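Dropping entry-v9.pdb in here (PDB, C-alpha atoms, pLDDT in the B column):
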```
ATOM      1  CA  MET A   1     143.140 163.578 118.376  1.00 75.00           C
ATOM      2  CA  SER A   2     139.561 164.376 119.390  1.00 92.00           C
ATOM      3  CA  PHE A   3     137.186 161.607 120.481  1.00 97.00           C
ATOM      4  CA  THR A   4     133.809 161.034 118.833  1.00 98.00           C
ATOM      5  CA  VAL A   5     130.851 159.075 120.182  1.00 98.00           C
ATOM      6  CA  TYR A   6     128.783 157.407 117.441  1.00 98.00           C
ATOM      7  CA  PRO A   7     125.294 156.359 118.571  1.00 98.00           C
ATOM      8  CA  ALA A   8     124.311 153.620 116.154  1.00 98.00           C
ATOM      9  CA  LEU A   9     121.171 152.374 114.462  1.00 98.00           C
ATOM     10  CA  ASP A  10     121.089 149.121 112.505  1.00 97.00           C
ATOM     11  CA  ILE A  11     118.057 148.956 110.197  1.00 98.00           C
ATOM     12  CA  ARG A  12     116.398 145.859 108.754  1.00 97.00           C
ATOM     13  CA  ASP A  13     113.007 145.952 107.024  1.00 96.00           C
ATOM     14  CA  GLY A  14     112.502 149.465 108.400  1.00 96.00           C
ATOM     15  CA  GLN A  15     112.999 148.254 111.973  1.00 98.00           C
ATOM     16  CA  VAL A  16     115.696 149.262 114.445  1.00 98.00           C
ATOM     17  CA  VAL A  17     117.396 145.960 115.287  1.00 97.00           C
ATOM     18  CA  ARG A  18     120.542 144.395 116.664  1.00 93.00           C
ATOM     19  CA  LEU A  19     122.090 141.121 115.562  1.00 90.00           C
ATOM     20  CA  LEU A  20     124.144 138.904 117.838  1.00 87.00           C
ATOM     21  CA  GLN A  21     127.624 138.546 116.354  1.00 82.00           C
ATOM     22  CA  GLY A  22     126.212 139.448 112.947  1.00 84.00           C
ATOM     23  CA  ASP A  23     123.823 136.484 112.868  1.00 86.00           C
ATOM     24  CA  TYR A  24     120.594 137.396 111.043  1.00 90.00           C
ATOM     25  CA  ALA A  25     118.850 134.533 112.844  1.00 91.00           C
ATOM     26  CA  GLN A  26     119.632 136.107 116.219  1.00 92.00           C
ATOM     27  CA  GLN A  27     117.845 139.443 115.933  1.00 95.00           C
ATOM     28  CA  THR A  28     116.387 141.694 118.607  1.00 95.00           C
ATOM     29  CA  THR A  29     113.938 144.341 117.380  1.00 97.00           C
ATOM     30  CA  TYR A  30     113.700 147.697 119.152  1.00 97.00           C
ATOM     31  CA  GLY A  31     111.005 149.467 117.131  1.00 96.00           C
ATOM     32  CA  ASP A  32     110.186 151.090 113.815  1.00 97.00           C
ATOM     33  CA  ASP A  33     111.221 154.637 114.739  1.00 97.00           C
ATOM     34  CA  PRO A  34     114.725 155.309 113.358  1.00 98.00           C
ATOM     35  CA  LEU A  35     114.113 158.985 112.545  1.00 98.00           C
ATOM     36  CA  PRO A  36     112.826 159.931 116.038  1.00 98.00           C
ATOM     37  CA  ARG A  37     115.767 158.068 117.535  1.00 98.00           C
ATOM     38  CA  ALA A  38     118.185 160.015 115.358  1.00 98.00           C
ATOM     39  CA  GLN A  39     116.468 163.240 116.385  1.00 98.00           C
ATOM     40  CA  ALA A  40     116.909 162.190 120.016  1.00 98.00           C
ATOM     41  CA  PHE A  41     120.632 161.615 119.404  1.00 98.00           C
ATOM     42  CA  ALA A  42     120.917 165.156 118.111  1.00 98.00           C
ATOM     43  CA  ALA A  43     118.882 166.550 121.013  1.00 98.00           C
ATOM     44  CA  ALA A  44     121.251 164.804 123.437  1.00 98.00           C
ATOM     45  CA  GLY A  45     124.180 166.634 121.883  1.00 98.00           C
ATOM     46  CA  ALA A  46     125.629 164.052 119.496  1.00 98.00           C
ATOM     47  CA  GLN A  47     127.439 165.398 116.457  1.00 98.00           C
ATOM     48  CA  TRP A  48     127.697 162.093 114.593  1.00 98.00           C
ATOM     49  CA  MET A  49     125.723 158.877 114.234  1.00 98.00           C
ATOM     50  CA  HIS A  50     126.414 155.483 112.700  1.00 98.00           C
ATOM     51  CA  LEU A  51     123.712 154.053 110.405  1.00 98.00           C
ATOM     52  CA  VAL A  52     123.795 150.500 109.021  1.00 97.00           C
ATOM     53  CA  ASP A  53     121.627 149.053 106.250  1.00 97.00           C
ATOM     54  CA  LEU A  54     121.438 145.367 107.197  1.00 95.00           C
ATOM     55  CA  ASP A  55     119.232 144.490 104.226  1.00 94.00           C
ATOM     56  CA  ALA A  56     121.843 145.876 101.854  1.00 92.00           C
ATOM     57  CA  ALA A  57     124.707 144.300 103.784  1.00 89.00           C
ATOM     58  CA  ARG A  58     123.178 140.948 102.891  1.00 87.00           C
ATOM     59  CA  ALA A  59     121.854 141.556  99.389  1.00 87.00           C
ATOM     60  CA  GLY A  60     123.617 144.696  98.141  1.00 86.00           C
ATOM     61  CA  GLY A  61     121.971 147.941  97.028  1.00 90.00           C
ATOM     62  CA  TYR A  62     121.811 150.566  99.775  1.00 95.00           C
ATOM     63  CA  THR A  63     118.152 151.133 100.737  1.00 96.00           C
ATOM     64  CA  LEU A  64     118.347 153.846 103.402  1.00 97.00           C
ATOM     65  CA  ALA A  65     118.808 156.896 101.174  1.00 97.00           C
ATOM     66  CA  PRO A  66     115.342 158.347 102.041  1.00 97.00           C
ATOM     67  CA  LEU A  67     115.952 157.905 105.784  1.00 98.00           C
ATOM     68  CA  LEU A  68     119.472 159.288 105.461  1.00 98.00           C
ATOM     69  CA  ALA A  69     118.176 162.350 103.614  1.00 97.00           C
ATOM     70  CA  ARG A  70     115.560 162.946 106.333  1.00 97.00           C
ATOM     71  CA  ILE A  71     118.145 162.644 109.093  1.00 98.00           C
ATOM     72  CA  ALA A  72     120.443 165.055 107.283  1.00 95.00           C
ATOM     73  CA  ALA A  73     117.576 167.521 106.766  1.00 94.00           C
ATOM     74  CA  ASP A  74     115.937 167.249 110.191  1.00 96.00           C
ATOM     75  CA  THR A  75     118.988 167.083 112.472  1.00 96.00           C
ATOM     76  CA  ARG A  76     122.441 168.574 112.621  1.00 90.00           C
ATOM     77  CA  LEU A  77     123.952 165.105 112.767  1.00 98.00           C
ATOM     78  CA  GLN A  78     126.765 164.042 110.516  1.00 98.00           C
ATOM     79  CA  VAL A  79     126.142 160.459 109.462  1.00 98.00           C
ATOM     80  CA  GLN A  80     128.582 157.698 108.647  1.00 98.00           C
ATOM     81  CA  THR A  81     126.661 154.934 106.966  1.00 98.00           C
ATOM     82  CA  GLY A  82     127.062 151.800 104.927  1.00 97.00           C
ATOM     83  CA  GLY A  83     125.817 148.357 104.113  1.00 94.00           C
ATOM     84  CA  GLY A  84     125.968 146.716 100.713  1.00 90.00           C
ATOM     85  CA  VAL A  85     128.500 149.087  99.155  1.00 95.00           C
ATOM     86  CA  ARG A  86     129.594 147.167  96.076  1.00 94.00           C
ATOM     87  CA  CYS A  87     130.653 149.762  93.513  1.00 96.00           C
ATOM     88  CA  ARG A  88     131.757 153.342  92.979  1.00 97.00           C
ATOM     89  CA  ASP A  89     128.236 154.514  92.183  1.00 97.00           C
ATOM     90  CA  ASP A  90     127.032 153.191  95.559  1.00 96.00           C
ATOM     91  CA  VAL A  91     129.524 155.477  97.289  1.00 98.00           C
ATOM     92  CA  ALA A  92     128.486 158.457  95.168  1.00 98.00           C
ATOM     93  CA  ARG A  93     124.762 157.865  95.759  1.00 97.00           C
ATOM     94  CA  ILE A  94     125.166 157.565  99.531  1.00 98.00           C
ATOM     95  CA  LEU A  95     127.215 160.759  99.668  1.00 98.00           C
ATOM     96  CA  ASP A  96     124.640 162.520  97.477  1.00 97.00           C
ATOM     97  CA  ALA A  97     121.867 161.404  99.849  1.00 96.00           C
ATOM     98  CA  GLY A  98     123.522 163.283 102.692  1.00 97.00           C
ATOM     99  CA  ALA A  99     126.159 161.039 104.248  1.00 98.00           C
ATOM    100  CA  SER A 100     129.260 162.637 105.647  1.00 98.00           C
ATOM    101  CA  ARG A 101     131.187 159.375 105.409  1.00 98.00           C
ATOM    102  CA  VAL A 102     130.505 156.074 103.671  1.00 98.00           C
ATOM    103  CA  VAL A 103     131.417 152.878 105.487  1.00 98.00           C
ATOM    104  CA  VAL A 104     133.008 150.235 103.271  1.00 97.00           C
ATOM    105  CA  GLY A 105     133.371 146.816 104.858  1.00 93.00           C
ATOM    106  CA  SER A 106     133.363 143.510 102.988  1.00 90.00           C
ATOM    107  CA  LEU A 107     134.617 145.009  99.747  1.00 94.00           C
ATOM    108  CA  ALA A 108     137.531 146.619 101.597  1.00 97.00           C
ATOM    109  CA  VAL A 109     138.740 143.088 102.312  1.00 95.00           C
ATOM    110  CA  ARG A 110     137.775 141.403  99.044  1.00 94.00           C
ATOM    111  CA  GLU A 111     138.701 144.175  96.589  1.00 96.00           C
ATOM    112  CA  PRO A 112     141.233 146.493  98.242  1.00 97.00           C
ATOM    113  CA  ALA A 113     142.518 147.911  94.953  1.00 97.00           C
ATOM    114  CA  GLN A 114     139.045 149.172  94.134  1.00 98.00           C
ATOM    115  CA  VAL A 115     138.563 150.736  97.569  1.00 98.00           C
ATOM    116  CA  LEU A 116     142.000 152.330  97.464  1.00 98.00           C
ATOM    117  CA  ALA A 117     140.909 154.018  94.229  1.00 98.00           C
ATOM    118  CA  TRP A 118     137.834 155.381  96.035  1.00 98.00           C
ATOM    119  CA  LEU A 119     140.057 156.855  98.748  1.00 98.00           C
ATOM    120  CA  ARG A 120     141.832 158.801  96.031  1.00 97.00           C
ATOM    121  CA  GLU A 121     138.679 159.806  94.166  1.00 98.00           C
ATOM    122  CA  PHE A 122     136.350 160.776  97.016  1.00 98.00           C
ATOM    123  CA  GLY A 123     138.976 161.705  99.605  1.00 98.00           C
ATOM    124  CA  ALA A 124     139.942 159.792 102.713  1.00 98.00           C
ATOM    125  CA  ALA A 125     137.794 162.068 104.877  1.00 98.00           C
ATOM    126  CA  ARG A 126     134.658 160.735 103.164  1.00 98.00           C
ATOM    127  CA  LEU A 127     135.287 157.020 103.705  1.00 98.00           C
ATOM    128  CA  THR A 128     135.415 154.813 106.792  1.00 98.00           C
ATOM    129  CA  ILE A 129     137.163 151.503 106.207  1.00 98.00           C
ATOM    130  CA  ALA A 130     135.447 148.816 108.313  1.00 97.00           C
ATOM    131  CA  LEU A 131     137.430 145.685 109.125  1.00 97.00           C
ATOM    132  CA  ASP A 132     135.660 143.012 111.160  1.00 94.00           C
ATOM    133  CA  THR A 133     138.202 140.757 112.806  1.00 95.00           C
ATOM    134  CA  ARG A 134     138.574 137.560 114.802  1.00 94.00           C
ATOM    135  CA  GLN A 135     141.687 136.461 116.665  1.00 94.00           C
ATOM    136  CA  GLY A 136     143.002 133.025 115.796  1.00 92.00           C
ATOM    137  CA  ASP A 137     144.461 130.512 118.216  1.00 93.00           C
ATOM    138  CA  ASP A 138     147.879 131.733 117.096  1.00 95.00           C
ATOM    139  CA  GLY A 139     147.082 135.261 118.283  1.00 94.00           C
ATOM    140  CA  VAL A 140     146.873 136.659 114.740  1.00 96.00           C
ATOM    141  CA  TRP A 141     143.919 138.910 113.927  1.00 97.00           C
ATOM    142  CA  ARG A 142     142.272 137.608 110.766  1.00 95.00           C
ATOM    143  CA  LEU A 143     139.504 138.952 108.523  1.00 95.00           C
ATOM    144  CA  PRO A 144     136.433 136.737 108.117  1.00 86.00           C
ATOM    145  CA  VAL A 145     134.358 137.420 105.001  1.00 78.00           C
ATOM    146  CA  HIS A 146     131.140 136.137 103.390  1.00 66.00           C
ATOM    147  CA  GLY A 147     129.037 136.523 106.509  1.00 63.00           C
ATOM    148  CA  TRP A 148     132.057 135.699 108.661  1.00 58.00           C
ATOM    149  CA  THR A 149     132.032 132.115 107.311  1.00 61.00           C
ATOM    150  CA  GLU A 150     135.357 132.280 105.425  1.00 70.00           C
ATOM    151  CA  THR A 151     138.682 133.931 106.196  1.00 77.00           C
ATOM    152  CA  ALA A 152     140.639 136.209 103.884  1.00 79.00           C
ATOM    153  CA  ASP A 153     144.267 135.386 103.098  1.00 87.00           C
ATOM    154  CA  VAL A 154     145.442 138.785 104.315  1.00 95.00           C
ATOM    155  CA  THR A 155     145.612 139.586 108.051  1.00 97.00           C
ATOM    156  CA  LEU A 156     144.143 142.605 109.808  1.00 98.00           C
ATOM    157  CA  ASP A 157     147.576 144.130 110.391  1.00 98.00           C
ATOM    158  CA  GLU A 158     148.666 143.688 106.779  1.00 98.00           C
ATOM    159  CA  LEU A 159     145.529 145.195 105.276  1.00 98.00           C
ATOM    160  CA  ALA A 160     145.208 148.021 107.793  1.00 98.00           C
ATOM    161  CA  VAL A 161     148.795 149.101 107.151  1.00 98.00           C
ATOM    162  CA  ARG A 162     148.190 148.981 103.397  1.00 98.00           C
ATOM    163  CA  TYR A 163     145.205 151.310 103.747  1.00 98.00           C
ATOM    164  CA  ALA A 164     147.054 153.600 106.150  1.00 98.00           C
ATOM    165  CA  GLN A 165     149.945 153.937 103.721  1.00 98.00           C
ATOM    166  CA  ALA A 166     147.403 154.953 101.054  1.00 97.00           C
ATOM    167  CA  GLY A 167     146.024 157.736 103.260  1.00 98.00           C
ATOM    168  CA  MET A 168     143.164 156.096 105.194  1.00 98.00           C
ATOM    169  CA  GLN A 169     141.931 158.447 107.911  1.00 98.00           C
ATOM    170  CA  HIS A 170     139.099 156.456 109.538  1.00 98.00           C
ATOM    171  CA  LEU A 171     139.159 152.780 110.532  1.00 98.00           C
ATOM    172  CA  LEU A 172     136.173 151.080 112.165  1.00 98.00           C
ATOM    173  CA  CYS A 173     137.270 147.799 113.689  1.00 98.00           C
ATOM    174  CA  THR A 174     134.864 145.282 115.229  1.00 94.00           C
ATOM    175  CA  ASP A 175     136.031 142.341 117.295  1.00 94.00           C
ATOM    176  CA  ILE A 176     133.464 139.788 116.120  1.00 90.00           C
ATOM    177  CA  ALA A 177     133.623 137.881 119.378  1.00 90.00           C
ATOM    178  CA  ARG A 178     132.427 140.984 121.256  1.00 90.00           C
ATOM    179  CA  ASP A 179     129.740 142.134 118.811  1.00 84.00           C
ATOM    180  CA  GLY A 180     126.387 142.451 120.567  1.00 81.00           C
ATOM    181  CA  MET A 181     127.690 140.601 123.618  1.00 82.00           C
ATOM    182  CA  LEU A 182     127.954 143.531 126.091  1.00 86.00           C
ATOM    183  CA  SER A 183     131.231 142.044 127.280  1.00 92.00           C
ATOM    184  CA  GLY A 184     133.373 145.167 126.991  1.00 94.00           C
ATOM    185  CA  PRO A 185     135.499 146.347 124.040  1.00 96.00           C
ATOM    186  CA  ASN A 186     138.748 144.570 123.251  1.00 97.00           C
ATOM    187  CA  LEU A 187     141.130 147.187 124.615  1.00 97.00           C
ATOM    188  CA  ASP A 188     144.246 145.203 123.717  1.00 97.00           C
ATOM    189  CA  LEU A 189     143.151 145.159 120.074  1.00 98.00           C
ATOM    190  CA  TYR A 190     142.544 148.894 119.981  1.00 98.00           C
ATOM    191  CA  ALA A 191     145.783 149.744 121.770  1.00 98.00           C
ATOM    192  CA  HIS A 192     147.594 147.575 119.222  1.00 97.00           C
ATOM    193  CA  LEU A 193     145.891 149.312 116.280  1.00 98.00           C
ATOM    194  CA  SER A 194     146.604 152.748 117.709  1.00 97.00           C
ATOM    195  CA  ARG A 195     150.306 151.900 117.896  1.00 98.00           C
ATOM    196  CA  LEU A 196     150.312 150.248 114.467  1.00 98.00           C
ATOM    197  CA  LEU A 197     148.465 153.090 112.709  1.00 98.00           C
ATOM    198  CA  PRO A 198     149.631 156.444 114.057  1.00 97.00           C
ATOM    199  CA  GLY A 199     147.496 159.269 112.710  1.00 96.00           C
ATOM    200  CA  VAL A 200     144.552 157.003 111.807  1.00 98.00           C
ATOM    201  CA  ALA A 201     141.308 157.628 113.724  1.00 98.00           C
ATOM    202  CA  VAL A 202     140.398 154.170 115.038  1.00 98.00           C
ATOM    203  CA  GLN A 203     136.779 153.581 116.068  1.00 98.00           C
ATOM    204  CA  ALA A 204     136.010 150.928 118.666  1.00 97.00           C
ATOM    205  CA  SER A 205     133.007 148.761 117.868  1.00 95.00           C
ATOM    206  CA  GLY A 206     131.596 145.785 119.712  1.00 92.00           C
ATOM    207  CA  GLY A 207     131.049 145.145 123.394  1.00 93.00           C
ATOM    208  CA  VAL A 208     130.686 148.659 124.809  1.00 95.00           C
ATOM    209  CA  ARG A 209     128.542 148.390 127.957  1.00 96.00           C
ATOM    210  CA  ASP A 210     128.840 151.626 129.872  1.00 96.00           C
ATOM    211  CA  VAL A 211     130.598 154.957 130.305  1.00 97.00           C
ATOM    212  CA  ALA A 212     133.663 153.256 131.752  1.00 97.00           C
ATOM    213  CA  ASP A 213     134.058 151.286 128.515  1.00 97.00           C
ATOM    214  CA  VAL A 214     133.861 154.490 126.481  1.00 98.00           C
ATOM    215  CA  ALA A 215     136.538 156.099 128.652  1.00 97.00           C
ATOM    216  CA  ALA A 216     138.686 152.962 128.403  1.00 98.00           C
ATOM    217  CA  ALA A 217     138.445 152.941 124.606  1.00 98.00           C
ATOM    218  CA  ARG A 218     139.613 156.522 124.547  1.00 98.00           C
ATOM    219  CA  ALA A 219     142.483 155.718 126.915  1.00 97.00           C
ATOM    220  CA  ALA A 220     143.484 152.830 124.635  1.00 98.00           C
ATOM    221  CA  GLY A 221     144.043 155.330 121.833  1.00 98.00           C
ATOM    222  CA  CYS A 222     140.747 155.185 119.982  1.00 98.00           C
ATOM    223  CA  ALA A 223     139.397 158.298 118.311  1.00 98.00           C
ATOM    224  CA  GLY A 224     135.801 157.155 118.665  1.00 98.00           C
ATOM    225  CA  ALA A 225     133.415 154.469 119.865  1.00 98.00           C
ATOM    226  CA  VAL A 226     130.243 153.098 118.301  1.00 97.00           C
ATOM    227  CA  LEU A 227     127.394 152.653 120.800  1.00 97.00           C
ATOM    228  CA  GLY A 228     124.756 150.120 119.832  1.00 95.00           C
ATOM    229  CA  LYS A 229     123.035 147.606 122.067  1.00 94.00           C
ATOM    230  CA  ALA A 230     123.898 149.266 125.384  1.00 95.00           C
ATOM    231  CA  LEU A 231     122.300 152.505 124.190  1.00 96.00           C
ATOM    232  CA  LEU A 232     119.192 150.822 122.805  1.00 96.00           C
ATOM    233  CA  GLU A 233     118.647 148.884 126.018  1.00 95.00           C
ATOM    234  CA  GLY A 234     119.132 151.876 128.282  1.00 95.00           C
ATOM    235  CA  ARG A 235     122.260 150.508 129.925  1.00 94.00           C
ATOM    236  CA  LEU A 236     124.122 153.622 128.825  1.00 95.00           C
ATOM    237  CA  ARG A 237     122.838 157.194 128.557  1.00 97.00           C
ATOM    238  CA  LEU A 238     124.088 159.048 125.509  1.00 98.00           C
ATOM    239  CA  GLN A 239     124.591 162.290 127.441  1.00 97.00           C
ATOM    240  CA  GLU A 240     126.942 160.505 129.845  1.00 96.00           C
ATOM    241  CA  ALA A 241     128.932 158.981 127.007  1.00 97.00           C
ATOM    242  CA  LEU A 242     129.238 162.362 125.286  1.00 97.00           C
ATOM    243  CA  ALA A 243     130.420 163.967 128.527  1.00 94.00           C
ATOM    244  CA  CYS A 244     133.043 161.262 128.848  1.00 85.00           C
TER     245      CYS A 244
END
```
Write the structure described by the file as structure tokens, please.
Amino acid sequence: MSFTVYPALDIRDGQVVRLLQGDYAQQTTYGDDPLPRAQAFAAAGAQWMHLVDLDAARAGGYTLAPLLARIAADTRLQVQTGGGVRCRDDVARILDAGASRVVVGSLAVREPAQVLAWLREFGAARLTIALDTRQGDDGVWRLPVHGWTETADVTLDELAVRYAQAGMQHLLCTDIARDGMLSGPNLDLYAHLSRLLPGVAVQASGGVRDVADVAAARAAGCAGAVLGKALLEGRLRLQEALAC
């Protein structure tokens, strides 16, 4: 399985930002230049990027279609993007705006039957299932929802296997405890998922600090890694990650 590096941009109010562990009150702003940054990703040799609509993730209604269309027109990047996907028409509109894959997160936990239907309708290659997870004291990986304030009844393993059995090709999994912390990816989690879900392209998200972390994610069985804060802060050069 090939390995893909996904330089990431999280957008809120038109600004490139990062949240600490998903907390909207703990935001760092990096500028109002998402399109030039995407162009720089392409110039560095990236083939994909990861684009998140934080406004929509909170309120629903994807707002980045104009930016997405510009990125698709001005670069050769393939874009996986999401935030606020609530219904079938959201998926269709994001694909029509130029996305290569739509990321479905909260709804994939709350309404799996609906998302399973989208896998059949749009094709598994066009959807990335995003499961944010937190490990309990009992060692079980659970699925917080509603801004990570409540926990779903189903576990990560149970839901991931259900999606895999239905044909899921792409799984983006974020260890909430590592998100925005620059503490390294949870390699044990990703090795576990790679064993549990043979044939599924697992993307590591959360904690990547440097090239060594990218290489370690690949060695753990991941098919890709999302690069956020470390890239924005210059701790990691995209060219080096791509070479890895």
To test your reading of the syntax: which residues would the PyMOL selection byres ((chain A and resi 153) around 9) return for the file shown? Reply as a list in words.
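Applying the PyMOL selection byres ((chain A and resi 153) around 9) to the structure shown produces Arg142, Leu143, Thr151, Ala152, Val154 and Thr155 of chain A.
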Taking the file as shown, what set of residues would the PyMOL selection byres ((chain A and resi 215-218) around 8) give back, as number ranges by chain?
A: 3, 185, 187, 190, 204, 211-214, 219-225, 244
Put those residues in a file: C-alpha atoms, as a JSON list (two decimals), in the coordinates of the input.
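Now in out_2.json:
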```json
[["chain", "number", "residue", "atom", "x", "y", "z"],
["A", 3, "PHE", "CA", 137.19, 161.61, 120.48],
["A", 185, "PRO", "CA", 135.50, 146.35, 124.04],
["A", 187, "LEU", "CA", 141.13, 147.19, 124.62],
["A", 190, "TYR", "CA", 142.54, 148.89, 119.98],
["A", 204, "ALA", "CA", 136.01, 150.93, 118.67],
["A", 211, "VAL", "CA", 130.60, 154.96, 130.30],
["A", 212, "ALA", "CA", 133.66, 153.26, 131.75],
["A", 213, "ASP", "CA", 134.06, 151.29, 128.51],
["A", 214, "VAL", "CA", 133.86, 154.49, 126.48],
["A", 219, "ALA", "CA", 142.48, 155.72, 126.92],
["A", 220, "ALA", "CA", 143.48, 152.83, 124.64],
["A", 221, "GLY", "CA", 144.04, 155.33, 121.83],
["A", 222, "CYS", "CA", 140.75, 155.18, 119.98],
["A", 223, "ALA", "CA", 139.40, 158.30, 118.31],
["A", 224, "GLY", "CA", 135.80, 157.16, 118.66],
["A", 225, "ALA", "CA", 133.42, 154.47, 119.86],
["A", 244, "CYS", "CA", 133.04, 161.26, 128.85]]
```
Best match for closeness to Thr128 in chain A among A:Leu9, A:Val140, A:Met181, A:Ala201, counting all atoms listed in the file:
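Result for the nearest residue to Thr128 in chain A: A:Ala201.
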Within 12 Å of range 61-67 of chain A: each range 76-147 of chain A residue with its shortest pair, only C-alpha atoms, as CSV:
```
residue,atom,partner,partner_atom,distance
A:Val79,CA,A:Leu67,CA,11.1
A:Thr81,CA,A:Leu64,CA,9.1
A:Gly82,CA,A:Tyr62,CA,7.5
A:Gly83,CA,A:Tyr62,CA,6.3
A:Gly84,CA,A:Gly61,CA,5.6
A:Val85,CA,A:Tyr62,CA,6.9
A:Arg86,CA,A:Gly61,CA,7.7
A:Cys87,CA,A:Gly61,CA,9.5
A:Arg88,CA,A:Gly61,CA,11.9
A:Asp89,CA,A:Gly61,CA,10.3
A:Asp90,CA,A:Tyr62,CA,7.2
A:Val91,CA,A:Tyr62,CA,9.5
A:Ala92,CA,A:Tyr62,CA,11.3
A:Arg93,CA,A:Ala65,CA,8.1
A:Ile94,CA,A:Ala65,CA,6.6
A:Leu95,CA,A:Ala65,CA,9.4
A:Asp96,CA,A:Ala65,CA,8.9
A:Ala97,CA,A:Ala65,CA,5.6
A:Gly98,CA,A:Ala65,CA,8.1
A:Ala99,CA,A:Ala65,CA,9.0
A:Val102,CA,A:Tyr62,CA,11.0
A:Val103,CA,A:Tyr62,CA,11.4
A:Val104,CA,A:Tyr62,CA,11.7
```
When you count all atoms listed in the file, which of these residues is closest to Thr75 in chain A: A:Cys173, A:Leu54, A:Ala124, A:Ala40?
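Among the listed residues, the smallest separation from Thr75 in chain A belongs to A:Ala40.
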Residues selected by the PyMOL selection byres ((chain A and resi 141) around 10), written as number ranges by chain:
A: 132-140, 142-144, 154-158, 175, 189
Those residues with C-alpha atoms, as a PDB file, keeping the file's coordinate frame please?
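Wrote it out as selection.pdb, contents follow:
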```
ATOM      1  CA  ASP A 132     135.660 143.012 111.160  1.00 94.00           C
ATOM      2  CA  THR A 133     138.202 140.757 112.806  1.00 95.00           C
ATOM      3  CA  ARG A 134     138.574 137.560 114.802  1.00 94.00           C
ATOM      4  CA  GLN A 135     141.687 136.461 116.665  1.00 94.00           C
ATOM      5  CA  GLY A 136     143.002 133.025 115.796  1.00 92.00           C
ATOM      6  CA  ASP A 137     144.461 130.512 118.216  1.00 93.00           C
ATOM      7  CA  ASP A 138     147.879 131.733 117.096  1.00 95.00           C
ATOM      8  CA  GLY A 139     147.082 135.261 118.283  1.00 94.00           C
ATOM      9  CA  VAL A 140     146.873 136.659 114.740  1.00 96.00           C
ATOM     10  CA  ARG A 142     142.272 137.608 110.766  1.00 95.00           C
ATOM     11  CA  LEU A 143     139.504 138.952 108.523  1.00 95.00           C
ATOM     12  CA  PRO A 144     136.433 136.737 108.117  1.00 86.00           C
ATOM     13  CA  VAL A 154     145.442 138.785 104.315  1.00 95.00           C
ATOM     14  CA  THR A 155     145.612 139.586 108.051  1.00 97.00           C
ATOM     15  CA  LEU A 156     144.143 142.605 109.808  1.00 98.00           C
ATOM     16  CA  ASP A 157     147.576 144.130 110.391  1.00 98.00           C
ATOM     17  CA  GLU A 158     148.666 143.688 106.779  1.00 98.00           C
ATOM     18  CA  ASP A 175     136.031 142.341 117.295  1.00 94.00           C
ATOM     19  CA  LEU A 189     143.151 145.159 120.074  1.00 98.00           C
TER      20      LEU A 189
END
```
Two-atom distance - CA of Ala130 in chain A, CA of Val109 in chain A (Å)
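CA of Val109 in chain A lies 8.9 Å from CA of Ala130 in chain A.
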Near Tyr163 in chain A, within 9 Å and counting all atoms listed in the file, which residues show up once chain neighbours fewer than 5 positions away are dropped, as a VMD selection string?
chain A and resid 112 116 129 158 168 to 169
In the coordinates of the file, take the point (127.2, 166.0, 119.6) and a cut-off of 12 Å; then, counting all atoms listed in the file, name each qualifying protein, DNA or RNA residue as a PyMOL selection string.
chain A and resi 3-7+38-49+75-79+238-244
If we count all atoms listed in the file and set the cut-off at 10 Å, which residues sit around Leu197 in chain A, ignoring sequence neighbours fewer than 2 positions away in its own chain? Please answer as number ranges by chain.
A: 157, 160-161, 163-165, 168-169, 171, 192-195, 199-202
Could you check how far CA of Val145 in chain A sits from CA of Gly31 in chain A, in Å to one decimal?
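Separation between CA of Val145 in chain A and CA of Gly31 in chain A: 28.9 Å.
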So, counting only C-alpha atoms, which residue among A:Gln26, A:Ser183, A:Gln21, A:Gln80 is closest to Val226 in chain A?
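Ranking A:Gln26, A:Ser183, A:Gln21, A:Gln80 by distance to Val226 in chain A, first place goes to A:Gln80.
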Would you mind reading off the distance between CA of Asn186 in chain A and CA of Gly206 in chain A, one decimal, in Å?
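Those two atoms sit 8.1 Å apart.
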Tell me which of A:Leu51, A:Val208, A:Leu107, A:Leu232 sits closest to Gly184 in chain A, counting all atoms listed in the file.
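Smallest distance to Gly184 in chain A is found for A:Val208.
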I need range 69-73 of chain A from the structure I supplied, saved as an mmCIF file, in the first residue's frame with N, CA, C and O atoms retained.
```
data_model
loop_
_atom_site.group_PDB
_atom_site.id
_atom_site.type_symbol
_atom_site.label_atom_id
_atom_site.label_comp_id
_atom_site.auth_asym_id
_atom_site.auth_seq_id
_atom_site.Cartn_x
_atom_site.Cartn_y
_atom_site.Cartn_z
ATOM 1 N N ALA A 69 -12.874 25.134 -4.822
ATOM 2 C CA ALA A 69 -12.888 25.239 -6.285
ATOM 3 C C ALA A 69 -11.622 25.932 -6.793
ATOM 4 O O ALA A 69 -11.060 25.532 -7.824
ATOM 5 N N ARG A 70 -11.172 26.974 -6.080
ATOM 6 C CA ARG A 70 -9.943 27.663 -6.481
ATOM 7 C C ARG A 70 -8.731 26.746 -6.359
ATOM 8 O O ARG A 70 -7.855 26.734 -7.239
ATOM 9 N N ILE A 71 -8.656 26.006 -5.268
ATOM 10 C CA ILE A 71 -7.536 25.082 -5.089
ATOM 11 C C ILE A 71 -7.531 24.042 -6.199
ATOM 12 O O ILE A 71 -6.490 23.752 -6.793
ATOM 13 N N ALA A 72 -8.710 23.504 -6.498
ATOM 14 C CA ALA A 72 -8.794 22.494 -7.556
ATOM 15 C C ALA A 72 -8.399 23.070 -8.908
ATOM 16 O O ALA A 72 -7.761 22.393 -9.727
ATOM 17 N N ALA A 73 -8.749 24.350 -9.152
ATOM 18 C CA ALA A 73 -8.453 24.967 -10.443
ATOM 19 C C ALA A 73 -7.007 25.422 -10.553
ATOM 20 O O ALA A 73 -6.412 25.361 -11.638
#
```
